[in-house]
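Notes follow the structure.
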Amino acid sequence: MKLLRIGPPGAERPAALVDEDHYVDLSDVATDFDEEFFGSGGLERIAPIVAQRVAGGGAPLGRLRVGSPIARPHQIICVGLNYADHAAESGQQVPDEPILFTKSPNTLVGPDDDVRIPRGSTKPDWEVELGIVIGKRARYLDSPAQAREHIAGWVVVNDVSERAFQMERGGQWLKGKSAETFNPAGPWLVTQDEIPDVLDLGMWLDVNGVRRQTGSTATMIFDPYFIVHYISQFMVLEPGDLINTGTPPGVGLGFDPQIWLKPGDVMTLGIDGLGQQRQTVVGPR
């Protein structure tokens with residue numbers, strides 16, 4: 001299934017994708033794609049309903065707004081420096097274990113919503129990433145293989161960052177990651193059965209039509225299953241939680257001279273099989 005949420009911010013309703021241009025409404029069988037939905041076996045419950053409705057065609061998406069495919073999660077956990085070539089361009093060593101940090105859950109916005117530069121920002125940057133949505137509570141998992149049972153699916157994420165806040169304000173990455181709008185996600189939550197090999201997905205990001213990032217999930221240092229298993233040793237992952245798994249090279253920080261986002265810039269990005277995003281950068285409030 002490819003699940004999405006459509007409608008204005010704060011009033012999105014759950015749906016499933018029929019094709020690139022059509023959807024079927026699921027608001028009569030699911031209140032939202034949130035912790036309660038995933039934790040109560042919602043994916044399994046709606047699967048036959050989605051199959052039946054998709055087979056019958058759907059309504060046109062048209063100009064409907066597509067929101068984040070999941071409601072605000074309990075937490076957003078991020079993995080830093082998870083691609084060796086990105087670590088190199090950042091001037092940092094490849095980690096022996098995953099580097100973890102949190103991102104405020106209220107950063108989550110739709111895939112085509114504006115990205116707003118925060119006040120005082122001097123170095124706003126982009127990061128295309130694979131996102132993991134947790135489908136079942138995970139604590140102290142025994143192995144990466146067991147983690148597969150706890151994953152609802154995959155999403156495209158833009159882990160927008162403010163590098164001066166991240167690196168020059170006391171070394172706490174949370175500061176550079178948690179401004180409003182800094183986590184566009186979607187357009188769809190793609191369930192595991194839709195993706196034959198999540199470790200072989202091309203990913204890309206353009207700024208103003210210029211290709212800046214090109215990569216593949218194949219070059220991850222720590223794969224998604226290892227990541228879920230690893231994180232579960234330190235905290236309880238709740239249904240609907242989101243994990244951002246790191247970015248390939250080509251971020252603004254890595255260029256010489258460095259490139260930073262500015263109001264009016266347009267970011268387009270995507271991952272094979274998971275859809276595409278488009279954001280316009282706007283100035284501070």
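In the structure tokens, chains take letters A, B, ... by order of appearance, with residues numbered from 1 within each chain and ligands from 1 in the order shown.
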
Each region 70-149 of chain A residue no farther than 9 Å from region 218-241 of chain A, nearest pair in Å, only C-alpha atoms, as JSON lines:
{"residue": "A:Ile70", "atom": "CA", "partner": "A:Gly240", "partner_atom": "CA", "distance": 7.1}
{"residue": "A:Ala71", "atom": "CA", "partner": "A:Gly240", "partner_atom": "CA", "distance": 7.9}
{"residue": "A:Arg72", "atom": "CA", "partner": "A:Gly240", "partner_atom": "CA", "distance": 8.3}
{"residue": "A:Pro73", "atom": "CA", "partner": "A:Asp241", "partner_atom": "CA", "distance": 5.0}
{"residue": "A:His74", "atom": "CA", "partner": "A:Asp241", "partner_atom": "CA", "distance": 5.7}
{"residue": "A:Gln75", "atom": "CA", "partner": "A:Asp241", "partner_atom": "CA", "distance": 5.4}
{"residue": "A:Ile76", "atom": "CA", "partner": "A:Asp241", "partner_atom": "CA", "distance": 6.2}
{"residue": "A:Ile77", "atom": "CA", "partner": "A:Asp241", "partner_atom": "CA", "distance": 8.0}
{"residue": "A:Val79", "atom": "CA", "partner": "A:Ile227", "partner_atom": "CA", "distance": 8.2}
{"residue": "A:Leu81", "atom": "CA", "partner": "A:Ile221", "partner_atom": "CA", "distance": 8.5}
{"residue": "A:Asn82", "atom": "CA", "partner": "A:Ile221", "partner_atom": "CA", "distance": 5.3}
{"residue": "A:Tyr83", "atom": "CA", "partner": "A:Met220", "partner_atom": "CA", "distance": 5.0}
{"residue": "A:Ala84", "atom": "CA", "partner": "A:Ile221", "partner_atom": "CA", "distance": 6.7}
{"residue": "A:Asp85", "atom": "CA", "partner": "A:Thr219", "partner_atom": "CA", "distance": 8.8}
{"residue": "A:Val94", "atom": "CA", "partner": "A:Ile221", "partner_atom": "CA", "distance": 8.5}
{"residue": "A:Pro95", "atom": "CA", "partner": "A:Ile221", "partner_atom": "CA", "distance": 8.7}
{"residue": "A:Glu97", "atom": "CA", "partner": "A:Phe222", "partner_atom": "CA", "distance": 8.3}
{"residue": "A:Pro98", "atom": "CA", "partner": "A:Phe222", "partner_atom": "CA", "distance": 7.1}
{"residue": "A:Leu100", "atom": "CA", "partner": "A:Ile231", "partner_atom": "CA", "distance": 8.3}
{"residue": "A:Leu130", "atom": "CA", "partner": "A:Pro224", "partner_atom": "CA", "distance": 8.9}
{"residue": "A:Gly131", "atom": "CA", "partner": "A:Pro224", "partner_atom": "CA", "distance": 8.9}
{"residue": "A:Ile132", "atom": "CA", "partner": "A:Pro224", "partner_atom": "CA", "distance": 7.3}
{"residue": "A:Val133", "atom": "CA", "partner": "A:Asp241", "partner_atom": "CA", "distance": 5.8}
{"residue": "A:Ile134", "atom": "CA", "partner": "A:Pro239", "partner_atom": "CA", "distance": 5.1}
{"residue": "A:Gly135", "atom": "CA", "partner": "A:Pro239", "partner_atom": "CA", "distance": 4.8}
{"residue": "A:Lys136", "atom": "CA", "partner": "A:Pro239", "partner_atom": "CA", "distance": 4.8}
{"residue": "A:Arg137", "atom": "CA", "partner": "A:Glu238", "partner_atom": "CA", "distance": 4.6}
{"residue": "A:Ala138", "atom": "CA", "partner": "A:Leu237", "partner_atom": "CA", "distance": 5.0}
{"residue": "A:Arg139", "atom": "CA", "partner": "A:Ser232", "partner_atom": "CA", "distance": 4.7}
{"residue": "A:Tyr140", "atom": "CA", "partner": "A:Gln233", "partner_atom": "CA", "distance": 4.8}
{"residue": "A:Leu141", "atom": "CA", "partner": "A:His229", "partner_atom": "CA", "distance": 5.5}
{"residue": "A:Asp142", "atom": "CA", "partner": "A:His229", "partner_atom": "CA", "distance": 7.3}
{"residue": "A:Ser143", "atom": "CA", "partner": "A:His229", "partner_atom": "CA", "distance": 6.1}
{"residue": "A:Pro144", "atom": "CA", "partner": "A:Phe226", "partner_atom": "CA", "distance": 4.7}
{"residue": "A:Ala145", "atom": "CA", "partner": "A:Tyr225", "partner_atom": "CA", "distance": 6.7}
{"residue": "A:Gln146", "atom": "CA", "partner": "A:His229", "partner_atom": "CA", "distance": 7.7}
{"residue": "A:Ala147", "atom": "CA", "partner": "A:Tyr225", "partner_atom": "CA", "distance": 5.5}
{"residue": "A:Arg148", "atom": "CA", "partner": "A:Tyr225", "partner_atom": "CA", "distance": 6.3}

As a compact mmCIF listing (two decimals) with all heavy atoms, in the first residue's frame, which residues of region 86-256 of chain A does DSSP assign to helix (DSSP H, G or I)?
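Output contents, as saved in part-v4.txt:
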# COMPACT_ATOMS: atom_id res chain seq x y z
N HIS A 86 29.37 11.27 2.84
CA HIS A 86 28.84 12.48 3.47
C HIS A 86 29.67 12.85 4.70
O HIS A 86 29.94 14.03 4.95
CB HIS A 86 27.38 12.28 3.86
CG HIS A 86 26.84 13.39 4.71
ND1 HIS A 86 26.82 14.71 4.30
CD2 HIS A 86 26.27 13.39 5.95
CE1 HIS A 86 26.28 15.46 5.24
NE2 HIS A 86 25.95 14.69 6.25
N ALA A 87 30.10 11.84 5.45
CA ALA A 87 30.97 12.11 6.60
C ALA A 87 32.25 12.81 6.13
O ALA A 87 32.72 13.77 6.75
CB ALA A 87 31.30 10.82 7.33
N ALA A 88 32.79 12.33 5.01
CA ALA A 88 34.02 12.92 4.48
C ALA A 88 33.82 14.37 4.09
O ALA A 88 34.65 15.23 4.39
CB ALA A 88 34.51 12.10 3.29
N GLU A 89 32.70 14.67 3.40
CA GLU A 89 32.48 16.05 2.97
C GLU A 89 32.20 16.97 4.17
O GLU A 89 32.39 18.18 4.08
CB GLU A 89 31.34 16.14 1.96
CG GLU A 89 29.96 15.94 2.54
CD GLU A 89 28.83 16.17 1.54
OE1 GLU A 89 29.12 16.67 0.42
OE2 GLU A 89 27.67 15.87 1.87
N PRO A 105 9.16 16.80 17.00
CA PRO A 105 8.08 16.26 16.16
C PRO A 105 7.26 17.31 15.44
O PRO A 105 6.66 17.02 14.40
CB PRO A 105 7.22 15.48 17.17
CG PRO A 105 8.17 15.11 18.27
CD PRO A 105 9.10 16.27 18.38
N ASN A 106 7.23 18.55 15.95
CA ASN A 106 6.43 19.57 15.27
C ASN A 106 7.13 20.20 14.08
O ASN A 106 6.64 21.17 13.49
CB ASN A 106 5.94 20.65 16.25
CG ASN A 106 7.06 21.48 16.85
OD1 ASN A 106 8.23 21.33 16.49
ND2 ASN A 106 6.71 22.35 17.78
N THR A 107 8.29 19.62 13.69
CA THR A 107 8.93 20.03 12.43
C THR A 107 8.24 19.39 11.21
O THR A 107 8.48 19.80 10.08
CB THR A 107 10.41 19.61 12.40
OG1 THR A 107 10.50 18.19 12.57
CG2 THR A 107 11.19 20.30 13.51
N PRO A 144 18.70 -7.40 14.18
CA PRO A 144 18.20 -6.61 13.05
C PRO A 144 17.09 -7.33 12.29
O PRO A 144 16.15 -6.69 11.80
CB PRO A 144 19.44 -6.41 12.19
CG PRO A 144 20.57 -6.45 13.15
CD PRO A 144 20.18 -7.49 14.17
N ALA A 145 17.17 -8.65 12.18
CA ALA A 145 16.11 -9.39 11.48
C ALA A 145 14.77 -9.19 12.15
O ALA A 145 13.73 -9.06 11.48
CB ALA A 145 16.48 -10.87 11.41
N GLN A 146 14.75 -9.16 13.47
CA GLN A 146 13.50 -8.97 14.19
C GLN A 146 12.92 -7.58 13.93
O GLN A 146 11.70 -7.39 14.00
CB GLN A 146 13.72 -9.18 15.69
CG GLN A 146 12.43 -9.19 16.50
CD GLN A 146 12.67 -9.32 17.99
OE1 GLN A 146 13.80 -9.14 18.47
NE2 GLN A 146 11.63 -9.62 18.74
N ALA A 147 13.78 -6.62 13.63
CA ALA A 147 13.32 -5.25 13.40
C ALA A 147 12.34 -5.16 12.24
O ALA A 147 11.47 -4.28 12.20
CB ALA A 147 14.51 -4.33 13.15
N ARG A 148 12.46 -6.07 11.26
CA ARG A 148 11.56 -6.04 10.10
C ARG A 148 10.09 -6.09 10.53
O ARG A 148 9.23 -5.47 9.91
CB ARG A 148 11.86 -7.21 9.16
CG ARG A 148 13.22 -7.13 8.50
CD ARG A 148 13.52 -8.39 7.70
NE ARG A 148 14.87 -8.36 7.14
CZ ARG A 148 15.18 -7.93 5.92
NH1 ARG A 148 14.22 -7.51 5.12
NH2 ARG A 148 16.42 -7.93 5.49
N GLU A 149 9.81 -6.82 11.59
CA GLU A 149 8.44 -6.97 12.06
C GLU A 149 7.89 -5.69 12.69
O GLU A 149 6.68 -5.58 12.91
CB GLU A 149 8.37 -8.10 13.10
CG GLU A 149 8.95 -9.42 12.66
CD GLU A 149 9.16 -10.37 13.83
OE1 GLU A 149 8.57 -10.11 14.92
OE2 GLU A 149 9.89 -11.36 13.67
N HIS A 150 8.77 -4.75 12.97
CA HIS A 150 8.37 -3.54 13.70
C HIS A 150 8.34 -2.31 12.80
O HIS A 150 8.18 -1.20 13.30
CB HIS A 150 9.33 -3.32 14.87
CG HIS A 150 9.24 -4.40 15.91
ND1 HIS A 150 8.53 -4.24 17.08
CD2 HIS A 150 9.76 -5.66 15.95
CE1 HIS A 150 8.62 -5.36 17.80
NE2 HIS A 150 9.36 -6.23 17.12
N ARG A 163 23.12 24.83 9.75
CA ARG A 163 24.45 24.36 10.15
C ARG A 163 25.10 25.24 11.23
O ARG A 163 25.84 24.73 12.08
CB ARG A 163 25.36 24.27 8.93
CG ARG A 163 24.86 23.37 7.82
CD ARG A 163 24.66 21.94 8.27
NE ARG A 163 24.34 21.08 7.12
CZ ARG A 163 23.99 19.81 7.22
NH1 ARG A 163 23.90 19.23 8.41
NH2 ARG A 163 23.72 19.10 6.13
N ALA A 164 24.86 26.55 11.19
CA ALA A 164 25.44 27.39 12.24
C ALA A 164 24.83 27.04 13.59
O ALA A 164 25.55 26.92 14.60
CB ALA A 164 25.22 28.87 11.91
N PHE A 165 23.51 26.85 13.63
CA PHE A 165 22.87 26.45 14.87
C PHE A 165 23.38 25.08 15.31
O PHE A 165 23.57 24.82 16.50
CB PHE A 165 21.35 26.36 14.69
CG PHE A 165 20.65 27.66 14.45
CD1 PHE A 165 21.32 28.87 14.40
CD2 PHE A 165 19.27 27.67 14.26
CE1 PHE A 165 20.66 30.07 14.16
CE2 PHE A 165 18.60 28.85 14.03
CZ PHE A 165 19.27 30.06 13.98
N GLN A 166 23.59 24.19 14.34
CA GLN A 166 23.97 22.80 14.63
C GLN A 166 25.40 22.69 15.15
O GLN A 166 25.67 21.93 16.08
CB GLN A 166 23.82 21.96 13.37
CG GLN A 166 24.25 20.50 13.52
CD GLN A 166 24.19 19.75 12.19
OE1 GLN A 166 23.77 20.29 11.17
NE2 GLN A 166 24.62 18.50 12.21
N MET A 167 26.33 23.45 14.55
CA MET A 167 27.75 23.22 14.79
C MET A 167 28.45 24.36 15.54
O MET A 167 29.56 24.16 16.03
CB MET A 167 28.46 22.99 13.46
CG MET A 167 27.95 21.77 12.72
SD MET A 167 28.77 21.57 11.11
CE MET A 167 28.05 20.00 10.59
N TRP A 173 23.14 19.15 18.15
CA TRP A 173 22.55 19.10 16.82
C TRP A 173 21.06 19.44 16.82
O TRP A 173 20.54 19.95 15.83
CB TRP A 173 22.77 17.71 16.21
CG TRP A 173 24.19 17.48 15.78
CD1 TRP A 173 25.28 18.20 16.15
CD2 TRP A 173 24.65 16.45 14.91
NE1 TRP A 173 26.41 17.69 15.56
CE2 TRP A 173 26.05 16.61 14.80
CE3 TRP A 173 24.04 15.40 14.23
CZ2 TRP A 173 26.84 15.77 14.01
CZ3 TRP A 173 24.82 14.56 13.46
CH2 TRP A 173 26.20 14.74 13.35
N LEU A 174 20.38 19.14 17.91
CA LEU A 174 18.96 19.45 18.02
C LEU A 174 18.65 20.89 17.63
O LEU A 174 17.64 21.18 16.99
CB LEU A 174 18.49 19.18 19.46
CG LEU A 174 17.08 19.63 19.83
CD1 LEU A 174 16.06 18.71 19.19
CD2 LEU A 174 16.90 19.63 21.35
N LYS A 175 19.54 21.82 18.00
CA LYS A 175 19.31 23.23 17.73
C LYS A 175 19.23 23.52 16.24
O LYS A 175 18.50 24.41 15.80
CB LYS A 175 20.44 24.08 18.34
CG LYS A 175 20.55 24.02 19.84
CD LYS A 175 21.79 24.79 20.29
CE LYS A 175 22.00 24.67 21.78
NZ LYS A 175 23.26 25.34 22.21
N GLY A 176 20.02 22.80 15.45
CA GLY A 176 20.05 23.05 14.02
C GLY A 176 19.07 22.23 13.22
O GLY A 176 19.03 22.34 11.99
N LYS A 177 18.28 21.41 13.90
CA LYS A 177 17.40 20.48 13.20
C LYS A 177 15.92 20.71 13.47
O LYS A 177 15.08 20.09 12.80
CB LYS A 177 17.75 19.04 13.62
CG LYS A 177 19.18 18.61 13.28
CD LYS A 177 19.35 18.35 11.80
CE LYS A 177 20.71 17.74 11.48
NZ LYS A 177 20.79 17.30 10.07
N GLN A 192 6.26 -2.12 3.41
CA GLN A 192 7.45 -2.89 3.06
C GLN A 192 7.25 -3.80 1.84
O GLN A 192 8.18 -4.00 1.05
CB GLN A 192 7.88 -3.74 4.25
CG GLN A 192 8.45 -2.95 5.42
CD GLN A 192 9.21 -3.85 6.39
OE1 GLN A 192 10.31 -4.31 6.10
NE2 GLN A 192 8.60 -4.10 7.54
N ASP A 193 6.05 -4.34 1.68
CA ASP A 193 5.82 -5.27 0.58
C ASP A 193 5.90 -4.62 -0.79
O ASP A 193 6.04 -5.31 -1.80
CB ASP A 193 4.44 -5.94 0.74
CG ASP A 193 3.32 -4.92 0.79
OD1 ASP A 193 3.31 -4.10 1.72
OD2 ASP A 193 2.46 -4.95 -0.10
N GLU A 194 5.85 -3.28 -0.84
CA GLU A 194 5.91 -2.55 -2.11
C GLU A 194 7.34 -2.37 -2.61
O GLU A 194 7.55 -2.04 -3.78
CB GLU A 194 5.25 -1.17 -1.96
CG GLU A 194 3.76 -1.19 -1.71
CD GLU A 194 2.97 -1.21 -3.00
OE1 GLU A 194 3.57 -1.05 -4.08
OE2 GLU A 194 1.73 -1.37 -2.92
N THR A 217 20.63 4.16 -1.23
CA THR A 217 20.58 3.55 0.10
C THR A 217 21.58 2.40 0.22
O THR A 217 21.90 1.97 1.32
CB THR A 217 19.17 3.04 0.41
OG1 THR A 217 18.76 2.12 -0.60
CG2 THR A 217 18.18 4.19 0.48
N ALA A 218 22.10 1.93 -0.91
CA ALA A 218 23.08 0.84 -0.89
C ALA A 218 24.38 1.25 -0.19
O ALA A 218 25.15 0.38 0.25
CB ALA A 218 23.39 0.38 -2.31
N THR A 219 24.64 2.55 -0.09
CA THR A 219 25.90 3.00 0.50
C THR A 219 25.76 3.42 1.96
O THR A 219 26.67 4.01 2.54
CB THR A 219 26.51 4.16 -0.32
OG1 THR A 219 25.63 5.28 -0.27
CG2 THR A 219 26.72 3.75 -1.76
N PRO A 224 18.69 0.09 7.57
CA PRO A 224 17.50 0.42 8.36
C PRO A 224 17.18 -0.60 9.45
O PRO A 224 16.71 -0.23 10.53
CB PRO A 224 16.39 0.48 7.32
CG PRO A 224 17.08 0.86 6.06
CD PRO A 224 18.41 0.16 6.12
N TYR A 225 17.39 -1.88 9.18
CA TYR A 225 17.06 -2.90 10.16
C TYR A 225 18.02 -2.86 11.34
O TYR A 225 17.61 -2.99 12.51
CB TYR A 225 17.06 -4.29 9.50
CG TYR A 225 16.23 -4.30 8.24
CD1 TYR A 225 16.84 -4.40 6.98
CD2 TYR A 225 14.85 -4.17 8.30
CE1 TYR A 225 16.08 -4.39 5.82
CE2 TYR A 225 14.08 -4.16 7.14
CZ TYR A 225 14.70 -4.27 5.90
OH TYR A 225 13.95 -4.25 4.76
N PHE A 226 19.30 -2.65 11.04
CA PHE A 226 20.28 -2.48 12.11
C PHE A 226 19.93 -1.26 12.95
O PHE A 226 20.03 -1.29 14.19
CB PHE A 226 21.69 -2.33 11.54
CG PHE A 226 22.76 -2.16 12.58
CD1 PHE A 226 23.43 -3.26 13.11
CD2 PHE A 226 23.08 -0.90 13.07
CE1 PHE A 226 24.40 -3.10 14.08
CE2 PHE A 226 24.06 -0.73 14.04
CZ PHE A 226 24.72 -1.83 14.55
N ILE A 227 19.54 -0.17 12.28
CA ILE A 227 19.23 1.07 12.99
C ILE A 227 18.08 0.88 13.97
O ILE A 227 18.16 1.31 15.14
CB ILE A 227 18.89 2.18 11.97
CG1 ILE A 227 20.17 2.63 11.24
CG2 ILE A 227 18.22 3.37 12.65
CD1 ILE A 227 19.92 3.51 10.04
N VAL A 228 16.99 0.25 13.54
CA VAL A 228 15.85 0.04 14.43
C VAL A 228 16.25 -0.84 15.61
O VAL A 228 15.92 -0.55 16.76
CB VAL A 228 14.66 -0.55 13.66
CG1 VAL A 228 13.54 -0.95 14.62
CG2 VAL A 228 14.14 0.44 12.63
N HIS A 229 16.98 -1.93 15.32
CA HIS A 229 17.46 -2.79 16.40
C HIS A 229 18.34 -2.01 17.37
O HIS A 229 18.18 -2.10 18.60
CB HIS A 229 18.25 -3.96 15.80
CG HIS A 229 19.06 -4.72 16.80
ND1 HIS A 229 20.43 -4.58 16.89
CD2 HIS A 229 18.71 -5.60 17.76
CE1 HIS A 229 20.88 -5.36 17.86
NE2 HIS A 229 19.86 -5.98 18.40
N TYR A 230 19.26 -1.22 16.83
CA TYR A 230 20.21 -0.47 17.66
C TYR A 230 19.48 0.54 18.55
O TYR A 230 19.73 0.60 19.76
CB TYR A 230 21.20 0.24 16.75
CG TYR A 230 22.27 1.03 17.46
CD1 TYR A 230 23.45 0.41 17.88
CD2 TYR A 230 22.12 2.39 17.70
CE1 TYR A 230 24.43 1.14 18.54
CE2 TYR A 230 23.09 3.12 18.36
CZ TYR A 230 24.25 2.50 18.77
OH TYR A 230 25.23 3.21 19.42
N ILE A 231 18.60 1.32 17.97
CA ILE A 231 17.90 2.34 18.75
C ILE A 231 17.07 1.71 19.86
O ILE A 231 16.95 2.26 20.96
CB ILE A 231 17.03 3.22 17.83
CG1 ILE A 231 17.91 4.02 16.87
CG2 ILE A 231 16.16 4.18 18.65
CD1 ILE A 231 17.13 4.82 15.83
N GLY A 252 24.83 21.36 1.11
CA GLY A 252 25.47 22.66 0.93
C GLY A 252 26.73 22.83 1.72
O GLY A 252 27.68 23.49 1.28
N LEU A 253 26.78 22.22 2.89
CA LEU A 253 27.96 22.28 3.75
C LEU A 253 29.20 21.75 3.06
O LEU A 253 30.32 22.19 3.32
CB LEU A 253 27.69 21.45 5.02
CG LEU A 253 28.83 21.25 6.01
CD1 LEU A 253 29.15 22.55 6.72
CD2 LEU A 253 28.48 20.16 7.02
N GLY A 254 29.01 20.78 2.14
CA GLY A 254 30.15 20.09 1.55
C GLY A 254 30.75 20.76 0.33
O GLY A 254 31.79 20.31 -0.16

For the interface of region 80-192 of chain A with region 51-68 of chain A (cut-off 8 Å, counting only C-alpha atoms), please tabulate each contacting residue of region 80-192 of chain A alongside its nearest pair of atoms and their separation in Å to one decimal, rows sorted by chain and increasing number, as a Markdown table.
| residue | atom | partner | partner_atom | distance |
| --- | --- | --- | --- | --- |
| A:Leu108 | CA | A:Ser68 | CA | 7.0 |
| A:Val109 | CA | A:Ser68 | CA | 5.6 |
| A:Gly110 | CA | A:Gly67 | CA | 3.9 |
| A:Pro111 | CA | A:Ser68 | CA | 6.4 |
| A:Asp112 | CA | A:Val66 | CA | 7.4 |
| A:Pro184 | CA | A:Ser68 | CA | 7.1 |
| A:Ala185 | CA | A:Ser68 | CA | 5.2 |
| A:Gly186 | CA | A:Ser68 | CA | 5.5 |
| A:Pro187 | CA | A:Ser68 | CA | 6.6 |
| A:Trp188 | CA | A:Ser68 | CA | 7.7 |

Residues from the last selection, all heavy atoms, saved as a compact mmCIF listing (two decimals), in the first residue's frame:
# COMPACT_ATOMS: atom_id res chain seq x y z
N LEU A 108 7.41 18.38 11.45
CA LEU A 108 6.84 17.59 10.37
C LEU A 108 5.83 18.40 9.56
O LEU A 108 4.90 18.98 10.10
CB LEU A 108 6.15 16.35 10.96
CG LEU A 108 5.82 15.22 10.01
CD1 LEU A 108 7.08 14.56 9.49
CD2 LEU A 108 4.94 14.18 10.72
N VAL A 109 6.04 18.43 8.23
CA VAL A 109 5.12 19.10 7.31
C VAL A 109 4.95 18.22 6.07
O VAL A 109 5.59 17.18 5.95
CB VAL A 109 5.62 20.51 6.90
CG1 VAL A 109 5.62 21.45 8.09
CG2 VAL A 109 7.01 20.44 6.27
N GLY A 110 4.09 18.67 5.17
CA GLY A 110 3.85 17.92 3.95
C GLY A 110 5.00 18.02 2.97
O GLY A 110 5.88 18.89 3.08
N PRO A 111 5.00 17.15 1.96
CA PRO A 111 6.12 17.07 1.02
C PRO A 111 6.29 18.29 0.14
O PRO A 111 7.39 18.54 -0.36
CB PRO A 111 5.80 15.83 0.19
CG PRO A 111 4.31 15.73 0.24
CD PRO A 111 3.95 16.16 1.63
N ASP A 112 5.22 19.05 -0.06
CA ASP A 112 5.28 20.22 -0.92
C ASP A 112 5.01 21.52 -0.18
O ASP A 112 4.79 22.57 -0.81
CB ASP A 112 4.29 20.06 -2.09
CG ASP A 112 4.56 18.83 -2.93
OD1 ASP A 112 5.74 18.44 -3.07
OD2 ASP A 112 3.60 18.23 -3.44
N PRO A 184 9.97 18.05 6.03
CA PRO A 184 8.99 17.60 5.04
C PRO A 184 9.07 16.08 4.88
O PRO A 184 10.16 15.51 4.81
CB PRO A 184 9.44 18.30 3.75
CG PRO A 184 10.22 19.49 4.22
CD PRO A 184 10.92 19.02 5.47
N ALA A 185 7.91 15.43 4.83
CA ALA A 185 7.86 13.97 4.71
C ALA A 185 6.77 13.58 3.72
O ALA A 185 5.76 14.23 3.60
CB ALA A 185 7.60 13.32 6.07
N GLY A 186 7.01 12.49 3.01
CA GLY A 186 6.03 12.00 2.04
C GLY A 186 6.55 12.14 0.62
O GLY A 186 7.75 12.33 0.40
N PRO A 187 5.67 11.98 -0.35
CA PRO A 187 4.22 12.10 -0.26
C PRO A 187 3.47 10.90 0.30
O PRO A 187 2.32 11.04 0.70
CB PRO A 187 3.82 12.34 -1.72
CG PRO A 187 4.86 11.61 -2.51
CD PRO A 187 6.13 11.80 -1.75
N TRP A 188 4.10 9.73 0.32
CA TRP A 188 3.39 8.53 0.73
C TRP A 188 4.18 7.79 1.79
O TRP A 188 5.40 7.88 1.87
CB TRP A 188 3.19 7.56 -0.45
CG TRP A 188 2.88 8.21 -1.75
CD1 TRP A 188 1.87 9.11 -2.01
CD2 TRP A 188 3.58 8.02 -2.99
NE1 TRP A 188 1.91 9.49 -3.33
CE2 TRP A 188 2.95 8.84 -3.96
CE3 TRP A 188 4.66 7.25 -3.38
CZ2 TRP A 188 3.36 8.90 -5.28
CZ3 TRP A 188 5.10 7.31 -4.69
CH2 TRP A 188 4.45 8.12 -5.63

Requested in this report: Tell me, in Å to one decimal, how far CA of Ser104 (chain A) is from CA of Gly41 (chain A).
Outcome: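 Answer for the CA of Ser104 (chain A) to CA of Gly41 (chain A) separation: 25.9 Å.
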
Query raised in the report: From the list A:Ile6, A:Cys78, A:Ala152, A:Leu26, which residue is nearest Glu44 (chain A) when using only C-alpha atoms?
Result: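 Nearest candidate to Glu44 (chain A) out of A:Ile6, A:Cys78, A:Ala152, A:Leu26: A:Ala152.
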
Report summary line: Across A:Thr191, A:Gln213, A:Ser27, A:Thr181, the smallest distance to Val160 (chain A), with only C-alpha atoms counted, is shown by A:Thr181
